[in-house]
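Here is start32.txt, consisting of compact mmCIF, C-alpha atoms:
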```
# COMPACT_ATOMS: atom_id res chain seq x y z
CA MET A 74 7.62 -1.57 -26.05
CA GLN A 75 5.86 -2.81 -22.94
CA LEU A 76 6.86 -3.72 -19.41
CA SER A 77 7.58 -7.45 -18.98
CA PRO A 78 4.48 -9.68 -18.46
CA SER A 79 5.30 -10.62 -14.83
CA LEU A 80 5.86 -6.98 -13.98
CA THR A 81 2.56 -5.95 -15.60
CA ALA A 82 0.81 -8.75 -13.68
CA LEU A 83 2.39 -7.61 -10.40
CA ILE A 84 1.34 -3.98 -10.93
CA GLU A 85 -2.20 -5.12 -11.77
CA ALA A 86 -2.34 -7.38 -8.66
CA LEU A 87 -1.09 -4.61 -6.35
CA ARG A 88 -4.18 -2.59 -7.25
CA CYS A 89 -6.32 -4.89 -5.07
CA LEU A 90 -4.81 -3.09 -2.05
CA PRO A 91 -7.17 -0.42 -0.72
CA GLY A 92 -6.13 3.10 -1.70
CA ILE A 93 -3.53 2.01 -4.25
CA GLY A 94 -4.05 3.36 -7.78
CA PRO A 95 -2.10 2.57 -10.98
CA LYS A 96 0.75 5.02 -10.28
CA SER A 97 1.25 3.89 -6.67
CA ALA A 98 1.12 0.25 -7.77
CA GLN A 99 3.90 0.91 -10.27
CA ARG A 100 5.96 2.75 -7.66
CA ILE A 101 5.54 -0.10 -5.15
CA ALA A 102 6.43 -2.78 -7.74
CA PHE A 103 9.59 -0.90 -8.77
CA HIS A 104 10.54 -0.30 -5.15
CA LEU A 105 10.24 -3.99 -4.25
CA LEU A 106 12.09 -5.20 -7.36
CA GLU A 107 14.86 -2.64 -7.05
CA ARG A 108 15.38 -2.26 -3.33
CA ASP A 109 13.64 -5.00 -1.36
CA ARG A 110 13.33 -8.36 -3.12
CA SER A 111 13.55 -10.37 0.10
CA GLY A 112 10.74 -8.24 1.56
CA GLY A 113 8.67 -8.84 -1.55
CA THR A 114 9.21 -12.60 -1.41
CA GLN A 115 8.34 -12.67 2.27
CA LEU A 116 5.19 -10.65 1.63
CA GLY A 117 4.20 -13.09 -1.12
CA ASP A 118 4.68 -16.07 1.19
CA SER A 119 2.82 -14.40 4.09
CA LEU A 120 -0.09 -13.45 1.84
CA LEU A 121 -0.51 -16.96 0.45
CA LYS A 122 -0.24 -18.52 3.91
CA ALA A 123 -2.62 -16.05 5.55
CA MET A 124 -5.26 -16.32 2.82
CA GLN A 125 -5.12 -20.09 3.19
CA VAL A 126 -5.03 -20.71 6.94
CA ILE A 127 -6.90 -17.77 8.48
CA GLY A 128 -10.61 -18.32 8.89
CA HIS A 129 -13.23 -17.02 11.28
CA CYS A 130 -13.89 -18.22 14.83
CA GLU A 131 -17.15 -20.17 14.66
CA SER A 132 -18.44 -18.56 17.82
CA CYS A 133 -17.33 -14.90 17.75
CA ARG A 134 -16.35 -14.40 14.07
CA THR A 135 -12.92 -12.89 14.78
CA PHE A 136 -9.99 -13.99 12.61
CA SER A 137 -8.66 -17.33 13.84
CA GLU A 138 -6.56 -20.17 12.50
CA ALA A 139 -8.43 -22.73 14.65
CA PRO A 140 -12.22 -23.34 14.54
CA LEU A 141 -12.55 -21.45 17.85
CA CYS A 142 -10.39 -18.51 18.95
CA ASP A 143 -8.40 -18.33 22.21
CA ILE A 144 -11.02 -16.22 24.00
CA CYS A 145 -13.95 -18.45 23.07
CA LEU A 146 -11.93 -21.49 24.18
CA SER A 147 -10.94 -19.89 27.51
CA VAL A 148 -12.38 -21.93 30.41
CA LYS A 149 -12.77 -18.80 32.55
CA ARG A 150 -15.00 -17.16 30.00
CA GLN A 151 -16.96 -19.99 28.44
CA ASP A 152 -19.86 -19.62 30.84
CA SER A 153 -19.96 -15.84 30.79
CA ARG A 154 -23.42 -14.42 30.14
CA LEU A 155 -22.00 -11.08 28.97
CA LEU A 156 -21.46 -10.43 25.26
CA CYS A 157 -19.51 -7.43 23.93
CA ILE A 158 -20.13 -6.53 20.29
CA VAL A 159 -17.32 -4.78 18.40
CA GLU A 160 -16.59 -3.89 14.79
CA SER A 161 -13.12 -5.36 14.32
CA PRO A 162 -10.57 -7.78 15.83
CA THR A 163 -8.39 -4.81 16.81
CA ASP A 164 -11.21 -3.53 19.01
CA VAL A 165 -11.04 -6.85 20.88
CA LEU A 166 -7.29 -6.29 21.36
CA ALA A 167 -7.91 -2.78 22.71
CA ILE A 168 -10.54 -3.98 25.20
CA GLU A 169 -8.41 -6.95 26.27
CA GLN A 170 -5.52 -4.59 26.99
CA THR A 171 -7.59 -2.86 29.68
CA GLY A 172 -7.78 -6.23 31.50
CA GLN A 173 -11.16 -5.29 32.98
CA TYR A 174 -13.62 -7.18 30.78
CA GLN A 175 -14.06 -10.90 31.42
CA GLY A 176 -16.99 -11.69 29.12
CA LEU A 177 -17.27 -12.96 25.57
CA TYR A 178 -17.04 -11.06 22.30
CA PHE A 179 -18.83 -10.97 19.00
CA VAL A 180 -16.94 -9.36 16.12
CA LEU A 181 -19.05 -7.85 13.31
CA MET A 182 -16.10 -7.40 10.92
CA GLY A 183 -17.51 -4.07 9.80
CA HIS A 184 -20.68 -2.06 10.28
CA LEU A 185 -24.01 -1.74 8.50
CA SER A 186 -23.48 0.26 5.32
CA PRO A 187 -26.34 -0.37 2.87
CA LEU A 188 -24.82 1.89 0.20
CA ASP A 189 -21.74 -0.35 0.07
CA GLY A 190 -23.92 -3.46 -0.02
CA ILE A 191 -23.12 -4.37 3.60
CA GLY A 192 -26.37 -5.47 5.24
CA PRO A 193 -27.17 -7.44 8.43
CA LYS A 194 -26.08 -10.76 6.93
CA GLU A 195 -22.66 -9.45 5.81
CA ILE A 196 -21.81 -8.46 9.39
CA GLY A 197 -23.01 -11.80 10.79
CA LEU A 198 -26.21 -10.65 12.48
CA ASP A 199 -27.84 -13.97 11.49
CA VAL A 200 -25.17 -15.74 13.57
CA LEU A 201 -25.80 -13.29 16.43
CA ASP A 202 -29.56 -13.87 16.16
CA GLU A 203 -29.03 -17.61 16.59
CA LYS A 204 -26.63 -17.01 19.50
CA LEU A 205 -29.14 -14.81 21.34
CA SER A 206 -32.02 -17.23 20.68
CA LYS A 207 -30.26 -19.89 22.78
CA GLY A 208 -30.84 -17.85 25.93
CA ASN A 209 -27.24 -18.06 27.22
CA ILE A 210 -26.68 -14.30 27.17
CA ASP A 211 -27.97 -11.87 29.81
CA GLU A 212 -26.51 -8.61 28.57
CA VAL A 213 -25.12 -7.34 25.28
CA ILE A 214 -22.64 -4.44 25.46
CA LEU A 215 -22.67 -2.48 22.19
CA ALA A 216 -19.10 -1.26 21.65
CA THR A 217 -19.31 -0.29 17.98
CA ASN A 218 -17.50 2.92 17.04
CA PRO A 219 -19.27 6.21 17.84
CA THR A 220 -19.66 7.04 14.13
CA VAL A 221 -22.91 7.39 12.19
CA GLU A 222 -22.61 3.81 10.86
CA GLY A 223 -21.53 2.46 14.24
CA GLU A 224 -24.53 4.08 15.97
CA ALA A 225 -26.94 2.75 13.33
CA THR A 226 -25.48 -0.73 13.75
CA ALA A 227 -25.80 -0.47 17.54
CA HIS A 228 -29.47 0.53 17.26
CA TYR A 229 -30.19 -2.31 14.87
CA ILE A 230 -28.64 -4.84 17.26
CA ALA A 231 -30.45 -3.29 20.26
CA GLU A 232 -33.75 -4.06 18.52
CA LEU A 233 -32.60 -7.62 17.92
CA CYS A 234 -31.87 -7.95 21.66
CA GLN A 235 -35.36 -6.70 22.56
CA LYS A 236 -36.80 -9.59 20.53
CA TYR A 237 -35.12 -12.10 22.88
CA ASN A 238 -35.50 -10.03 26.08
CA VAL A 239 -31.75 -9.56 26.40
CA ASP A 240 -30.50 -6.34 28.02
CA ALA A 241 -28.58 -4.13 25.60
CA SER A 242 -26.28 -1.32 26.73
CA ARG A 243 -24.16 1.16 24.82
CA ILE A 244 -20.65 2.15 25.96
CA ALA A 245 -20.56 5.67 27.39
CA HIS A 246 -19.69 8.66 25.24
CA GLY A 247 -18.08 11.68 26.84
CA MET A 248 -14.75 13.36 27.55
CA PRO A 249 -11.71 11.11 27.05
CA VAL A 250 -9.63 10.86 30.23
CA GLY A 251 -6.82 13.41 30.14
CA GLY A 252 -8.58 15.46 27.43
CA GLU A 253 -9.11 19.20 27.52
CA LEU A 254 -12.59 20.71 27.40
CA ASP A 255 -11.73 23.40 24.85
CA LEU A 256 -10.22 20.90 22.42
CA VAL A 257 -13.16 18.52 22.36
CA ASP A 258 -15.85 18.70 19.63
CA GLY A 259 -19.39 19.85 20.37
CA MET A 260 -21.06 16.46 19.91
CA THR A 261 -18.78 14.82 22.45
CA LEU A 262 -19.31 17.67 24.91
CA MET A 263 -23.09 17.36 24.44
CA HIS A 264 -22.87 13.63 25.19
CA ALA A 265 -20.69 14.36 28.23
CA PHE A 266 -23.37 16.74 29.59
CA SER A 267 -26.38 14.56 28.84
CA GLY A 268 -24.64 11.48 30.27
CA ARG A 269 -23.51 13.25 33.50
CA ARG A 270 -23.48 11.21 36.70
CA SER A 271 -24.42 12.36 40.17
CA LEU A 272 -21.47 12.56 42.58
CA SER A 273 -23.57 12.50 45.73
CA MET B 247 -4.91 -12.24 23.66
CA GLN B 248 -3.02 -11.68 20.44
CA LEU B 249 -3.83 -11.75 16.73
CA SER B 250 -3.16 -15.15 15.17
CA PRO B 251 0.49 -15.81 14.14
CA SER B 252 -0.16 -15.82 10.37
CA LEU B 253 -2.05 -12.55 10.65
CA THR B 254 0.73 -10.95 12.69
CA ALA B 255 3.25 -12.18 10.10
CA LEU B 256 1.16 -10.74 7.25
CA ILE B 257 0.85 -7.34 8.94
CA GLU B 258 4.60 -7.30 9.58
CA ALA B 259 5.36 -8.28 5.95
CA LEU B 260 3.05 -5.59 4.55
CA ARG B 261 5.22 -2.96 6.20
CA CYS B 262 7.92 -3.54 3.55
CA LEU B 263 5.69 -1.58 1.15
CA PRO B 264 6.82 2.05 0.86
CA GLY B 265 4.62 4.47 2.81
CA ILE B 266 2.77 1.75 4.74
CA GLY B 267 2.97 2.05 8.54
CA PRO B 268 1.64 -0.35 11.22
CA LYS B 269 -1.95 0.98 11.13
CA SER B 270 -2.21 0.93 7.33
CA ALA B 271 -0.69 -2.57 7.24
CA GLN B 272 -3.38 -3.77 9.66
CA ARG B 273 -6.12 -2.11 7.63
CA ILE B 274 -4.83 -3.70 4.39
CA ALA B 275 -4.52 -7.16 5.97
CA PHE B 276 -8.08 -6.99 7.35
CA HIS B 277 -9.43 -5.72 4.04
CA LEU B 278 -7.83 -8.56 2.07
CA LEU B 279 -8.92 -11.24 4.55
CA GLU B 280 -12.44 -9.92 4.88
CA ARG B 281 -13.29 -8.64 1.41
CA ASP B 282 -10.79 -9.80 -1.18
CA ARG B 283 -9.16 -13.17 -0.54
CA SER B 284 -8.83 -14.01 -4.23
CA GLY B 285 -7.08 -10.67 -4.81
CA GLY B 286 -4.75 -11.41 -1.90
CA THR B 287 -3.89 -14.85 -3.23
CA GLN B 288 -3.28 -13.45 -6.70
CA LEU B 289 -1.05 -10.73 -5.27
CA GLY B 290 0.91 -13.36 -3.35
CA ASP B 291 1.43 -15.43 -6.51
CA SER B 292 2.37 -12.40 -8.62
CA LEU B 293 4.86 -11.19 -6.01
CA LEU B 294 6.61 -14.56 -5.75
CA LYS B 295 6.72 -14.97 -9.54
CA ALA B 296 7.93 -11.41 -10.18
CA MET B 297 10.64 -11.53 -7.49
CA GLN B 298 11.89 -14.77 -9.02
CA VAL B 299 11.80 -14.19 -12.78
CA ILE B 300 12.37 -10.45 -13.23
CA GLY B 301 15.99 -9.45 -13.55
CA HIS B 302 17.82 -6.60 -15.25
CA CYS B 303 18.66 -6.31 -18.94
CA GLU B 304 22.43 -6.87 -19.17
CA SER B 305 22.84 -4.01 -21.57
CA CYS B 306 20.49 -1.22 -20.45
CA ARG B 307 19.60 -2.30 -16.87
CA THR B 308 15.82 -2.00 -17.31
CA PHE B 309 13.62 -4.73 -15.78
CA SER B 310 13.54 -7.76 -18.07
CA GLU B 311 12.72 -11.44 -17.82
CA ALA B 312 15.28 -12.32 -20.51
CA PRO B 313 19.02 -11.50 -20.35
CA LEU B 314 18.45 -8.69 -22.87
CA CYS B 315 15.30 -6.56 -23.14
CA ASP B 316 13.21 -6.10 -26.31
CA ILE B 317 14.74 -2.75 -27.16
CA CYS B 318 18.35 -3.90 -26.78
CA LEU B 319 17.51 -6.96 -28.92
CA SER B 320 15.82 -4.91 -31.64
CA VAL B 321 17.74 -5.27 -34.94
CA LYS B 322 16.84 -1.70 -35.97
CA ARG B 323 18.43 -0.23 -32.88
CA GLN B 324 21.38 -2.49 -32.16
CA ASP B 325 23.81 -0.34 -34.13
CA SER B 326 22.50 2.98 -32.90
CA ARG B 327 25.23 5.30 -31.63
CA LEU B 328 22.76 7.35 -29.58
CA LEU B 329 22.23 6.56 -25.88
CA CYS B 330 19.40 8.05 -23.83
CA ILE B 331 19.87 7.93 -20.05
CA VAL B 332 16.72 7.84 -17.91
CA GLU B 333 15.93 7.23 -14.25
CA SER B 334 13.28 4.53 -14.50
CA PRO B 335 11.72 1.95 -16.86
CA THR B 336 8.53 4.06 -17.01
CA ASP B 337 10.56 6.91 -18.49
CA VAL B 338 11.52 4.51 -21.32
CA LEU B 339 7.80 3.78 -21.85
CA ALA B 340 7.00 7.51 -21.98
CA ILE B 341 9.75 8.21 -24.53
CA GLU B 342 8.79 5.15 -26.61
CA GLN B 343 5.21 6.38 -26.75
CA THR B 344 6.34 9.49 -28.62
CA GLY B 345 7.64 7.17 -31.35
CA GLN B 346 10.36 9.69 -32.27
CA TYR B 347 13.45 8.25 -30.63
CA GLN B 348 15.21 5.35 -32.36
CA GLY B 349 18.33 5.04 -30.24
CA LEU B 350 19.26 2.90 -27.25
CA TYR B 351 18.54 3.47 -23.56
CA PHE B 352 20.36 3.18 -20.31
CA VAL B 353 18.18 2.98 -17.19
CA LEU B 354 19.77 4.19 -13.93
CA MET B 355 16.98 2.75 -11.71
CA GLY B 356 17.12 5.83 -9.51
CA HIS B 357 19.32 8.89 -9.16
CA LEU B 358 22.39 9.84 -7.14
CA SER B 359 21.35 10.40 -3.55
CA PRO B 360 24.38 10.11 -1.24
CA LEU B 361 22.31 10.71 1.91
CA ASP B 362 20.26 7.58 1.13
CA GLY B 363 23.41 5.61 0.37
CA ILE B 364 22.81 5.66 -3.38
CA GLY B 365 26.12 6.40 -5.05
CA PRO B 366 27.41 5.98 -8.63
CA LYS B 367 27.70 2.21 -8.32
CA GLU B 368 24.11 1.75 -7.08
CA ILE B 369 22.75 3.42 -10.22
CA GLY B 370 25.01 1.38 -12.51
CA LEU B 371 27.46 4.08 -13.53
CA ASP B 372 30.24 1.46 -13.53
CA VAL B 373 28.30 -0.42 -16.24
CA LEU B 374 27.82 2.86 -18.13
CA ASP B 375 31.52 3.65 -17.82
CA GLU B 376 32.38 0.31 -19.42
CA LYS B 377 29.78 0.87 -22.14
CA LEU B 378 31.21 4.29 -23.04
CA SER B 379 34.78 3.01 -22.96
CA LYS B 380 34.03 0.69 -25.91
CA GLY B 381 33.62 3.68 -28.23
CA ASN B 382 30.28 2.60 -29.74
CA ILE B 383 28.39 5.67 -28.55
CA ASP B 384 28.57 9.10 -30.22
CA GLU B 385 26.06 11.04 -28.12
CA VAL B 386 24.51 10.63 -24.71
CA ILE B 387 21.13 12.31 -24.13
CA LEU B 388 20.63 12.99 -20.42
CA ALA B 389 16.90 12.59 -19.77
CA THR B 390 16.95 12.36 -15.96
CA ASN B 391 14.14 14.22 -14.18
CA PRO B 392 14.55 18.00 -13.80
CA THR B 393 14.82 17.71 -10.01
CA VAL B 394 17.83 18.58 -7.85
CA GLU B 395 18.92 14.92 -7.73
CA GLY B 396 18.21 14.41 -11.42
CA GLU B 397 20.30 17.46 -12.35
CA ALA B 398 23.17 16.35 -10.11
CA THR B 399 23.07 12.90 -11.69
CA ALA B 400 23.07 14.44 -15.19
CA HIS B 401 26.11 16.57 -14.36
CA TYR B 402 27.96 13.58 -12.94
CA ILE B 403 27.31 11.57 -16.11
CA ALA B 404 28.26 14.52 -18.33
CA GLU B 405 31.70 14.50 -16.71
CA LEU B 406 31.97 10.78 -17.33
CA CYS B 407 31.20 11.40 -21.02
CA GLN B 408 33.94 14.03 -21.24
CA LYS B 409 36.44 11.40 -20.15
CA TYR B 410 35.66 9.32 -23.24
CA ASN B 411 35.09 12.27 -25.58
CA VAL B 412 31.42 11.42 -26.00
CA ASP B 413 28.99 14.30 -26.63
CA ALA B 414 26.53 14.79 -23.77
CA SER B 415 23.29 16.75 -24.12
CA ARG B 416 20.53 17.56 -21.68
CA ILE B 417 16.85 17.49 -22.67
CA ALA B 418 15.38 21.01 -22.92
CA HIS B 419 13.61 22.61 -19.96
CA GLY B 420 10.89 25.15 -20.61
CA MET B 421 7.16 25.66 -20.98
CA PRO B 422 5.20 22.42 -21.40
CA VAL B 423 3.17 22.44 -24.64
CA GLY B 424 -0.37 23.61 -23.91
CA GLY B 425 0.70 25.18 -20.60
CA GLU B 426 -0.18 28.69 -19.47
CA LEU B 427 2.48 31.23 -18.64
CA ASP B 428 0.87 32.47 -15.43
CA LEU B 429 0.51 28.95 -14.02
CA VAL B 430 4.12 27.92 -14.51
CA ASP B 431 6.70 28.19 -11.70
CA GLY B 432 9.52 30.71 -11.80
CA MET B 433 12.35 28.20 -12.32
CA THR B 434 10.66 26.75 -15.40
CA LEU B 435 10.00 30.22 -16.79
CA MET B 436 13.64 31.17 -16.19
CA HIS B 437 14.74 28.06 -18.09
CA ALA B 438 12.27 28.89 -20.87
CA PHE B 439 13.82 32.35 -21.24
CA SER B 440 17.47 31.30 -21.01
CA GLY B 441 16.90 28.45 -23.46
CA ARG B 442 15.04 30.61 -26.03
CA ARG B 443 15.56 29.79 -29.70
CA SER B 444 15.84 32.25 -32.56
CA LEU B 445 12.93 32.13 -34.97
CA SER B 446 14.75 33.83 -37.82
```

Using structure tokens, write down the structure that the file contains.
Amino acid sequence: MQLSPSLTALIEALRCLPGIGPKSAQRIAFHLLERDRSGGTQLGDSLLKAMQVIGHCESCRTFSEAPLCDICLSVKRQDSRLLCIVESPTDVLAIEQTGQYQGLYFVLMGHLSPLDGIGPKEIGLDVLDEKLSKGNIDEVILATNPTVEGEATAHYIAELCQKYNVDASRIAHGMPVGGELDLVDGMTLMHAFSGRRSLS
Amino acid sequence: MQLSPSLTALIEALRCLPGIGPKSAQRIAFHLLERDRSGGTQLGDSLLKAMQVIGHCESCRTFSEAPLCDICLSVKRQDSRLLCIVESPTDVLAIEQTGQYQGLYFVLMGHLSPLDGIGPKEIGLDVLDEKLSKGNIDEVILATNPTVEGEATAHYIAELCQKYNVDASRIAHGMPVGGELDLVDGMTLMHAFSGRRSLS
């Protein structure tokens, strides 16, 4: 005896989700069929729609349903000569929520990770190269995550900027506001000391 | 700035999966869009198909695309007077793999759990009641999981069987074959002792 063909197909398809193995896939399939069919149908519809209509912004590479995203289309920003480079669309959201940055973005959609087969081309550095070569950018702010891969990616891009005489800066590392000194890791504390600013 | 509407809808829909919160849903959506669009499309198709075609076997309640499942349709088993009660379709698979059981099944699709709003009707005990009332079953084997809820469910069904003078038996609890005494928990060991069988 076997599970029905559609059920087997569903369990197999669920395994494309990151972190979902055969047992979890089975559990999810049973849960949806037994307790949440409308949720399952809605998820199916959303998946098909999203996979079809969502592409990348031609200018900044973030996810967008139109050829250019809202930020790249914004009249206020179009002529900005400041470019902030982040790893993911959620980083853009986080920076936008501060309301302080008025420049443009470039979204890598990941970070350099040669072991996983993710090289400069996979994170769109060829597109960035072309963008910088046009001479419309004065400064690049490297806001990749402060992880090993994020730092490596930032250094790689900084070298790219040198080629076109564009200033490259890295966001500051140090104590998070409201944090406590004895709860912060050594690396962060080291960065906070070496990046200290004169108060006078 | 916000994420595009289809992306927001996808992230929201992914949250119907058990154990997936807002952050995981976002991570999954980005992963599918960025690295596995064909997998996402296939998952969407499988979900819609499964939600539409998979129903319950009218006789044993397991998932089935036809009105009756393969086991209930099997000529060899149709006249069996033995009924094994399990919690989920995978339990049926596990028992079938032993190749020793030739009777029929009844799948509860869960266990009694009043706090979660799962009462006798939700696990199909009204269907079971009707089945037993017809007098075609001689013995019910209670193969629910040896958990608190599984035991409670087994006791509830045992009482139902008494009503119709049907024998009810519980699968044995004890040492798993190949297990080691010092690695087994106390409850299991207690069951192994109290359920000991004479060798003479």

Select, as a ChimeraX atom specification, those residues of chain A with any atom no more than 8 Å from chain B (distances computed using all atoms listed in the file).
/A:74-77,79-80,82-83,86-87,89-91,101,104-107,109-110,112-124,126-127,136-138,143-144,162,166,169,182

Give me the residues near stretch 346-354 of chain B as a VMD selection string, where near means some atom within 8 Å (using all atoms listed in the file) and where sequence neighbours in that chain fewer than 4 positions away do not count.
chain B and resid 305 to 308 317 to 318 323 to 324 326 to 335 338 341 to 342 369 to 371 374

What is the distance between atom CA of A:Pro249 and atom CA of A:Phe266, in Å to one decimal?
13.2 Å

After fitting chain A to chain B over all Cα atoms matched in order, what RMSD is left?
0.1 Å

For atom CA of B:Ala414 and atom CA of B:Leu388, the interatomic separation in Å (one decimal)
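For atom CA of B:Ala414 relative to atom CA of B:Leu388, the distance reads 7.0 Å.
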
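In this structure, atom CA of A:Asn218 sits 27.6 Å away from atom CA of A:Leu272.
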
Stretch 221-235 of chain A: axis-aligned bounding box, 3 Å on each side, centre and edge lengths in Å, one decimal, as AutoDock Vina command-line options:
```
--center_x -28.4 --center_y -0.3 --center_z 16.7 --size_x 19.8 --size_y 21.3 --size_z 17.7
```

Give me, as a list in words, all polymer residues having an atom no more than 12 Å from A:Pro193, counting only C-alpha atoms and skipping those fewer than 5 positions away in the same chain.
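Once the adjacent positions are removed, what remains is Leu181, Met182, Gly183, His184, Leu185, Ser186, Pro187, Leu198, Asp199, Val200, Leu201, Asp202, Ala225, Thr226, Ala227, Tyr229, Ile230 and Leu233 of chain A.
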
Block slice stretch 416-434 of chain B, N, CA, C and O atoms, emitted as a compact mmCIF listing (two decimals), in the first residue's frame:
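The file below, out12.txt, is the result:
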```txt
# COMPACT_ATOMS: atom_id res chain seq x y z
N ARG B 416 -5.11 -3.63 23.16
CA ARG B 416 -4.14 -2.55 22.99
C ARG B 416 -2.83 -3.19 22.56
O ARG B 416 -2.45 -4.23 23.09
N ILE B 417 -2.12 -2.56 21.59
CA ILE B 417 -0.81 -3.12 21.21
C ILE B 417 0.10 -3.10 22.43
O ILE B 417 -0.03 -2.26 23.30
N ALA B 418 1.06 -4.07 22.47
CA ALA B 418 1.93 -4.21 23.63
C ALA B 418 2.92 -3.06 23.74
O ALA B 418 3.42 -2.55 22.74
N HIS B 419 3.19 -2.64 24.97
CA HIS B 419 4.26 -1.67 25.24
C HIS B 419 5.38 -2.41 25.93
O HIS B 419 5.15 -3.25 26.78
N GLY B 420 6.60 -2.10 25.56
CA GLY B 420 7.74 -2.74 26.21
C GLY B 420 9.02 -2.35 25.52
O GLY B 420 9.07 -1.32 24.83
N MET B 421 10.06 -3.16 25.71
CA MET B 421 11.36 -2.88 25.11
C MET B 421 11.28 -2.98 23.59
O MET B 421 10.79 -3.97 23.07
N PRO B 422 11.77 -1.98 22.84
CA PRO B 422 11.86 -2.16 21.39
C PRO B 422 12.93 -3.21 21.07
O PRO B 422 13.94 -3.30 21.78
N VAL B 423 12.69 -4.00 20.03
CA VAL B 423 13.65 -5.05 19.66
C VAL B 423 14.99 -4.41 19.27
O VAL B 423 15.02 -3.46 18.49
N GLY B 424 16.07 -4.91 19.83
CA GLY B 424 17.38 -4.34 19.54
C GLY B 424 17.76 -3.20 20.47
O GLY B 424 18.85 -2.64 20.37
N GLY B 425 16.83 -2.84 21.38
CA GLY B 425 17.11 -1.73 22.31
C GLY B 425 18.03 -2.17 23.44
O GLY B 425 18.31 -3.37 23.60
N GLU B 426 18.50 -1.22 24.23
CA GLU B 426 19.33 -1.57 25.37
C GLU B 426 18.66 -1.11 26.66
O GLU B 426 18.16 0.01 26.73
N LEU B 427 18.66 -1.99 27.64
CA LEU B 427 17.92 -1.77 28.86
C LEU B 427 18.27 -0.44 29.54
O LEU B 427 17.40 0.28 30.03
N ASP B 428 19.58 -0.10 29.55
CA ASP B 428 19.97 1.10 30.29
C ASP B 428 19.70 2.39 29.52
O ASP B 428 19.92 3.48 30.03
N LEU B 429 19.24 2.28 28.28
CA LEU B 429 18.93 3.49 27.51
C LEU B 429 17.43 3.76 27.42
O LEU B 429 16.99 4.77 26.86
N VAL B 430 16.65 2.84 27.97
CA VAL B 430 15.20 2.95 27.85
C VAL B 430 14.62 3.72 29.04
O VAL B 430 15.12 3.60 30.16
N ASP B 431 13.58 4.51 28.82
CA ASP B 431 13.00 5.30 29.92
C ASP B 431 12.24 4.42 30.91
O ASP B 431 11.86 3.28 30.60
N GLY B 432 12.02 4.97 32.09
CA GLY B 432 11.42 4.21 33.18
C GLY B 432 10.02 3.70 32.88
O GLY B 432 9.67 2.56 33.23
N MET B 433 9.18 4.54 32.24
CA MET B 433 7.81 4.15 31.93
C MET B 433 7.79 2.91 31.03
O MET B 433 7.03 1.97 31.26
N THR B 434 8.67 2.92 30.01
CA THR B 434 8.71 1.79 29.08
C THR B 434 9.14 0.53 29.82
O THR B 434 8.56 -0.55 29.63
```
